[in-house]
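Participant: What follows is protein_4.cif; its format and atoms are mmCIF, C-alpha atoms.
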data_work
#
loop_
_atom_site.group_PDB
_atom_site.id
_atom_site.type_symbol
_atom_site.label_atom_id
_atom_site.label_comp_id
_atom_site.auth_asym_id
_atom_site.auth_seq_id
_atom_site.Cartn_x
_atom_site.Cartn_y
_atom_site.Cartn_z
ATOM 1 C CA MET A 17 54.660 -49.949 216.676
ATOM 2 C CA ILE A 18 56.146 -46.483 216.128
ATOM 3 C CA ARG A 19 57.801 -47.656 212.893
ATOM 4 C CA LYS A 20 54.386 -48.619 211.473
ATOM 5 C CA VAL A 21 52.830 -45.251 212.370
ATOM 6 C CA TYR A 22 55.727 -43.117 211.090
ATOM 7 C CA PRO A 23 55.433 -44.100 207.378
ATOM 8 C CA VAL A 24 51.680 -43.470 207.402
ATOM 9 C CA ALA A 25 52.191 -40.033 208.955
ATOM 10 C CA MET A 26 54.970 -39.280 206.460
ATOM 11 C CA ILE A 27 52.795 -40.308 203.494
ATOM 12 C CA THR A 28 49.931 -38.138 204.790
ATOM 13 C CA LEU A 29 52.248 -35.136 205.075
ATOM 14 C CA MET A 30 53.622 -35.741 201.563
ATOM 15 C CA LEU A 31 50.098 -35.913 200.137
ATOM 16 C CA LEU A 32 49.057 -32.710 201.885
ATOM 17 C CA ALA A 33 52.217 -30.889 200.757
ATOM 18 C CA GLY A 34 51.821 -32.147 197.192
ATOM 19 C CA GLY A 35 48.237 -30.969 196.886
ATOM 20 C CA CYS A 36 46.834 -34.427 196.188
ATOM 21 C CA ILE A 37 44.085 -34.420 198.800
ATOM 22 C CA SER A 38 40.848 -32.710 197.842
ATOM 23 C CA GLY A 39 38.913 -30.253 199.936
ATOM 24 C CA PRO A 40 35.554 -30.888 201.553
ATOM 25 C CA ARG A 41 33.559 -30.445 198.313
ATOM 26 C CA GLY A 42 35.968 -32.327 196.053
ATOM 27 C CA ASP A 43 37.873 -29.236 194.897
ATOM 28 C CA THR A 44 41.531 -29.947 194.258
ATOM 29 C CA THR A 45 44.041 -27.815 196.063
ATOM 30 C CA GLU A 46 46.335 -27.671 193.043
ATOM 31 C CA SER A 47 45.470 -27.466 189.349
ATOM 32 C CA GLN A 48 47.594 -28.605 186.415
ATOM 33 C CA VAL A 49 46.932 -28.482 182.685
ATOM 34 C CA ILE A 50 47.612 -32.053 181.568
ATOM 35 C CA PRO A 51 46.378 -33.740 178.388
ATOM 36 C CA PRO A 52 43.982 -36.527 179.391
ATOM 37 C CA GLY A 53 45.629 -39.836 180.118
ATOM 38 C CA TYR A 54 49.248 -39.014 179.192
ATOM 39 C CA GLY A 55 48.998 -41.836 176.630
ATOM 40 C CA GLU A 56 47.645 -44.182 179.285
ATOM 41 C CA PHE A 57 44.068 -44.279 178.012
ATOM 42 C CA ASN A 58 42.735 -45.059 174.564
ATOM 43 C CA ALA A 59 42.444 -41.818 172.602
ATOM 44 C CA GLY A 60 39.444 -43.407 170.859
ATOM 45 C CA ASN A 61 40.447 -42.074 167.465
ATOM 46 C CA ILE A 62 40.999 -45.225 165.421
ATOM 47 C CA LEU A 63 38.289 -47.092 163.499
ATOM 48 C CA ILE A 64 38.416 -50.359 161.538
ATOM 49 C CA GLY A 65 35.899 -51.891 159.164
ATOM 50 C CA ASP A 66 34.832 -52.829 155.673
ATOM 51 C CA GLY A 67 34.536 -49.218 154.495
ATOM 52 C CA GLU A 68 30.793 -48.930 155.134
ATOM 53 C CA VAL A 69 30.828 -49.959 158.790
ATOM 54 C CA MET A 70 33.740 -48.400 160.682
ATOM 55 C CA ILE A 71 33.946 -49.059 164.444
ATOM 56 C CA ASP A 72 36.545 -49.569 167.173
ATOM 57 C CA HIS A 73 35.754 -53.278 167.726
ATOM 58 C CA TYR A 74 35.148 -55.110 164.462
ATOM 59 C CA GLY A 75 34.422 -58.826 164.228
ATOM 60 C CA LEU A 76 34.638 -61.134 161.251
ATOM 61 C CA ALA A 77 34.796 -64.811 160.376
ATOM 62 C CA VAL A 78 37.439 -65.803 157.831
ATOM 63 C CA PRO A 79 38.014 -69.252 156.312
ATOM 64 C CA VAL A 80 41.481 -70.803 156.486
ATOM 65 C CA ASN A 81 43.765 -69.941 153.540
ATOM 66 C CA ARG A 82 42.042 -66.643 152.724
ATOM 67 C CA THR A 83 43.126 -63.028 152.838
ATOM 68 C CA VAL A 84 40.831 -60.166 153.774
ATOM 69 C CA THR A 85 41.541 -56.459 153.614
ATOM 70 C CA LEU A 86 39.973 -54.037 156.071
ATOM 71 C CA LYS A 87 40.023 -50.271 155.950
ATOM 72 C CA GLY A 88 41.304 -48.183 158.837
ATOM 73 C CA LEU A 89 40.942 -44.563 159.844
ATOM 74 C CA VAL A 90 42.792 -42.416 162.396
ATOM 75 C CA PHE A 91 41.437 -38.959 163.122
ATOM 76 C CA ALA A 92 42.510 -35.987 165.250
ATOM 77 C CA ARG A 93 40.427 -36.303 168.403
ATOM 78 C CA GLU A 94 39.669 -33.158 170.373
ATOM 79 C CA TYR A 95 40.098 -33.003 174.130
ATOM 80 C CA ARG A 96 39.592 -30.230 176.658
ATOM 81 C CA VAL A 97 41.455 -29.581 179.856
ATOM 82 C CA SER A 98 39.817 -27.372 182.471
ATOM 83 C CA SER A 99 41.713 -25.374 185.040
ATOM 84 C CA SER A 100 40.569 -24.646 188.576
ATOM 85 C CA SER A 101 39.654 -21.117 187.458
ATOM 86 C CA GLY A 102 37.068 -22.553 185.052
ATOM 87 C CA GLU A 103 39.022 -21.808 181.874
ATOM 88 C CA SER A 104 39.452 -24.664 179.420
ATOM 89 C CA THR A 105 42.142 -25.398 176.888
ATOM 90 C CA THR A 106 41.415 -27.369 173.725
ATOM 91 C CA GLY A 107 43.933 -29.776 172.269
ATOM 92 C CA TYR A 108 43.977 -32.606 169.733
ATOM 93 C CA HIS A 109 45.406 -36.100 169.559
ATOM 94 C CA ARG A 110 47.131 -35.409 166.242
ATOM 95 C CA GLY A 111 50.404 -35.382 164.327
ATOM 96 C CA LYS A 112 52.523 -38.173 162.924
ATOM 97 C CA VAL A 113 51.121 -41.598 163.842
ATOM 98 C CA GLU A 114 52.854 -44.981 163.718
ATOM 99 C CA LEU A 115 50.533 -47.989 163.290
ATOM 100 C CA LYS A 116 51.366 -51.459 164.630
ATOM 101 C CA ALA A 117 49.492 -54.757 164.975
ATOM 102 C CA TYR A 118 49.536 -56.981 168.055
ATOM 103 C CA LEU A 119 47.687 -60.036 169.353
ATOM 104 C CA ALA A 120 46.174 -60.516 172.802
ATOM 105 C CA ASP A 121 44.755 -63.685 174.312
ATOM 106 C CA THR A 122 41.331 -62.106 174.932
ATOM 107 C CA PHE A 123 39.507 -58.864 174.345
ATOM 108 C CA VAL A 124 40.522 -56.462 177.125
ATOM 109 C CA ARG A 125 39.455 -52.871 177.814
ATOM 110 C CA TYR A 126 42.221 -51.860 180.171
ATOM 111 C CA ALA A 127 44.303 -48.769 180.177
ATOM 112 C CA TRP A 128 47.600 -49.071 178.324
ATOM 113 C CA ASN A 129 49.587 -50.306 181.346
ATOM 114 C CA GLY A 130 47.172 -53.250 181.716
ATOM 115 C CA LEU A 131 46.893 -53.921 177.994
ATOM 116 C CA GLU A 132 50.554 -53.620 177.001
ATOM 117 C CA SER A 133 51.668 -56.641 179.050
ATOM 118 C CA ARG A 134 49.079 -58.815 177.250
ATOM 119 C CA LEU A 135 50.116 -57.805 173.729
ATOM 120 C CA GLU A 136 52.299 -60.098 171.636
ATOM 121 C CA PRO A 137 53.844 -59.756 168.195
ATOM 122 C CA VAL A 138 51.627 -61.134 165.437
ATOM 123 C CA SER A 139 52.776 -64.454 164.035
ATOM 124 C CA GLU A 140 49.477 -66.132 163.149
ATOM 125 C CA PRO A 141 47.413 -64.984 161.270
ATOM 126 C CA LYS A 142 49.653 -62.909 159.009
ATOM 127 C CA VAL A 143 48.948 -59.176 159.283
ATOM 128 C CA GLU A 144 50.204 -56.275 157.215
ATOM 129 C CA ILE A 145 49.372 -52.581 157.732
ATOM 130 C CA ARG A 146 49.895 -50.165 154.838
ATOM 131 C CA PRO A 147 51.002 -47.463 155.226
ATOM 132 C CA GLU A 148 52.602 -47.914 158.641
ATOM 133 C CA THR A 149 52.797 -44.152 159.240
ATOM 134 C CA VAL A 150 50.081 -41.550 158.663
ATOM 135 C CA GLU A 151 49.598 -37.871 159.516
ATOM 136 C CA VAL A 152 46.434 -36.590 161.219
ATOM 137 C CA GLU A 153 45.343 -33.024 161.889
ATOM 138 C CA PRO A 154 41.951 -31.458 162.581
ATOM 139 C CA GLY A 155 40.050 -31.871 159.312
ATOM 140 C CA LYS A 156 42.639 -34.325 157.907
ATOM 141 C CA ASN A 157 42.222 -38.045 158.632
ATOM 142 C CA GLY A 158 44.848 -40.707 158.123
ATOM 143 C CA THR A 159 43.700 -43.799 156.233
ATOM 144 C CA PHE A 160 45.333 -47.219 156.026
ATOM 145 C CA GLU A 161 44.585 -50.845 155.171
ATOM 146 C CA VAL A 162 44.959 -53.983 157.261
ATOM 147 C CA ARG A 163 45.530 -57.220 155.325
ATOM 148 C CA ILE A 164 44.842 -60.381 157.309
ATOM 149 C CA GLY A 165 46.015 -63.696 155.823
ATOM 150 C CA THR A 166 44.774 -66.915 157.425
ATOM 151 C CA LEU A 167 47.161 -69.359 155.738
ATOM 152 C CA GLY A 168 48.196 -71.746 158.513
ATOM 153 C CA ALA A 169 45.820 -70.220 161.101
ATOM 154 C CA THR A 170 44.117 -72.614 163.525
ATOM 155 C CA PRO A 171 40.509 -73.445 162.511
ATOM 156 C CA GLY A 172 37.990 -72.638 165.253
ATOM 157 C CA LYS A 173 40.328 -70.228 167.019
ATOM 158 C CA THR A 174 39.467 -66.570 167.631
ATOM 159 C CA TYR A 175 42.311 -64.072 167.369
ATOM 160 C CA TYR A 176 42.101 -60.645 169.035
ATOM 161 C CA LEU A 177 44.082 -58.373 166.760
ATOM 162 C CA TYR A 178 44.924 -54.943 168.187
ATOM 163 C CA ILE A 179 45.692 -52.152 165.749
ATOM 164 C CA VAL A 180 47.528 -49.536 167.819
ATOM 165 C CA ALA A 181 48.208 -45.941 166.800
ATOM 166 C CA PHE A 182 51.192 -44.340 168.534
ATOM 167 C CA GLY A 183 51.033 -40.539 168.303
ATOM 168 C CA GLU A 184 54.290 -38.603 168.199
ATOM 169 C CA ASP A 185 53.155 -36.575 171.246
ATOM 170 C CA GLY A 186 52.775 -39.710 173.378
ATOM 171 C CA TRP A 187 49.073 -40.498 172.968
ATOM 172 C CA LYS A 188 47.880 -43.975 171.986
ATOM 173 C CA GLY A 189 44.680 -45.159 170.372
ATOM 174 C CA TRP A 190 43.624 -48.692 169.532
ATOM 175 C CA ALA A 191 40.924 -50.686 167.836
ATOM 176 C CA VAL A 192 40.300 -54.430 167.974
ATOM 177 C CA VAL A 193 39.589 -56.824 165.138
ATOM 178 C CA GLU A 194 38.130 -60.076 166.432
ATOM 179 C CA VAL A 195 38.993 -62.711 163.803
ATOM 180 C CA LYS A 196 37.306 -66.125 164.050
ATOM 181 C CA ILE A 197 38.964 -68.708 161.810
ATOM 182 C CA GLU A 198 36.540 -71.033 160.080
ATOM 183 C CA GLY A 199 37.730 -74.446 158.899
ATOM 184 C CA ASN A 200 37.762 -75.480 155.250
ATOM 185 C CA GLU A 201 34.915 -77.874 154.793
ATOM 186 C CA THR A 202 35.460 -80.439 152.091
ATOM 187 C CA LEU A 203 32.777 -82.527 150.521
ATOM 188 C CA THR A 204 33.432 -86.213 150.082
ATOM 189 C CA SER A 205 31.525 -88.538 147.803
ATOM 190 C CA PRO A 206 29.842 -91.568 149.328
#
The structure in this file should be written as structure tokens.

Facilitator:
Amino acid sequence: MIRKVYPVAMITLMLLAGGCISGPRGDTTESQVIPPGYGEFNAGNILIGDGEVMIDHYGLAVPVNRTVTLKGLVFAREYRVSSSSGESTTGYHRGKVELKAYLADTFVRYAWNGLESRLEPVSEPKVEIRPETVEVEPGKNGTFEVRIGTLGATPGKTYYLYIVAFGEDGWKGWAVVEVKIEGNETLTSP
């Protein structure tokens, strides 16, 4: 019985000493200036679309044996970090960005640690991102193209294609392209 109580008491003491427990009105006992998410959450700074409509979750239907090209945009997203004294610091998700494509079995909205384990390398449909590296700064967006080829893709299947931007400072942003593969319909004479 004492062994079960001791770890709980030790954890409580560690939390109190580390400043992790909040006061009666929700004030934290210790303040740190940390960029939001540490790369764990979607920076929300990547858009995909046809050039006119640019969003973070784009859907399209593509026949088998076709290639479509979508436009992509990565921008420097502002964030603010407030201190316990009420002062705020402004930062940006910016810098050199590496772009990669992955597939997931379904559309998921998890944080990176939940999403990463579901991502697989793209084998079908064929996907190419050009350029694979862009630079973003406040007032300077990075643009790219995503070519999706459906040769050999399974008709009727929906692919959840994740375009992920990896910032050099550790942030991550992603957008999803939901690709439904339509079958080739052939006409036969009676």

Participant: Once the PyMOL selection byres ((chain A and resi 108-120) around 6) has been evaluated on this model, what residues remain selected, and can you format them as a list in words?

Facilitator: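 Residues picked by the PyMOL selection byres ((chain A and resi 108-120) around 6): Ala92, Arg93, Glu94, Tyr95, Gly107, Asp121, Thr122, Arg134, Leu135, Glu136, Pro137, Val138, Glu148, Thr149, Val150, Glu151, Val152, Glu153, Tyr176, Leu177, Tyr178, Ile179, Val180, Ala181, Phe182, Gly183 and Glu184 of chain A.
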
Participant: Given all atoms listed in the file as the basis, pick out the residue of A:Ala169, A:Val69, A:Val80, A:Ala59 nearest to A:Ser139.

Facilitator: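 Among the listed residues, A:Ala169 lies closest to A:Ser139.
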
Participant: Rounded to one decimal, what separation in Å do you get between atom CA of A:Glu194 and atom CA of A:Ile62?

Facilitator: 15.2 Å

Participant: What separation in Å, quoted to one decimal, exists between atom CA of A:Glu144 and atom CA of A:Met70?

Facilitator: 18.6 Å

Participant: Enumerate, as a PyMOL selection string, the residues matched when the PyMOL selection byres ((chain A and resi 72-79) around 8) is run on the file above.

Facilitator: chain A and resi 60+62-65+70-71+80-82+84+166+171+190-200

Participant: Give the answer as one residue: which of A:Ile145, A:Asn129, A:Val90, A:Thr174 has the shortest atom-to-atom distance to A:Val162, using all atoms listed in the file?

Facilitator: A:Ile145

Participant: Give me, please, the distance in Å between atom CA of A:Asn58 and atom CA of A:Thr105, quoted to one decimal.

Facilitator: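 Result for atom CA of A:Asn58 versus atom CA of A:Thr105: 19.8 Å, one decimal.
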
Participant: Calculated over all atoms listed in the file, which of the candidates A:Ile164, A:Phe91, A:Gly55, A:Pro147 has the smallest distance to A:Asp185?

Facilitator: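 Nearest to A:Asp185: A:Gly55.
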
Participant: Using all atoms listed in the file, pick whichever of A:Lys87, A:Lys188, A:Lys142, A:Arg96 has the shortest atom-to-atom distance to A:Glu56.

Facilitator: A:Lys188
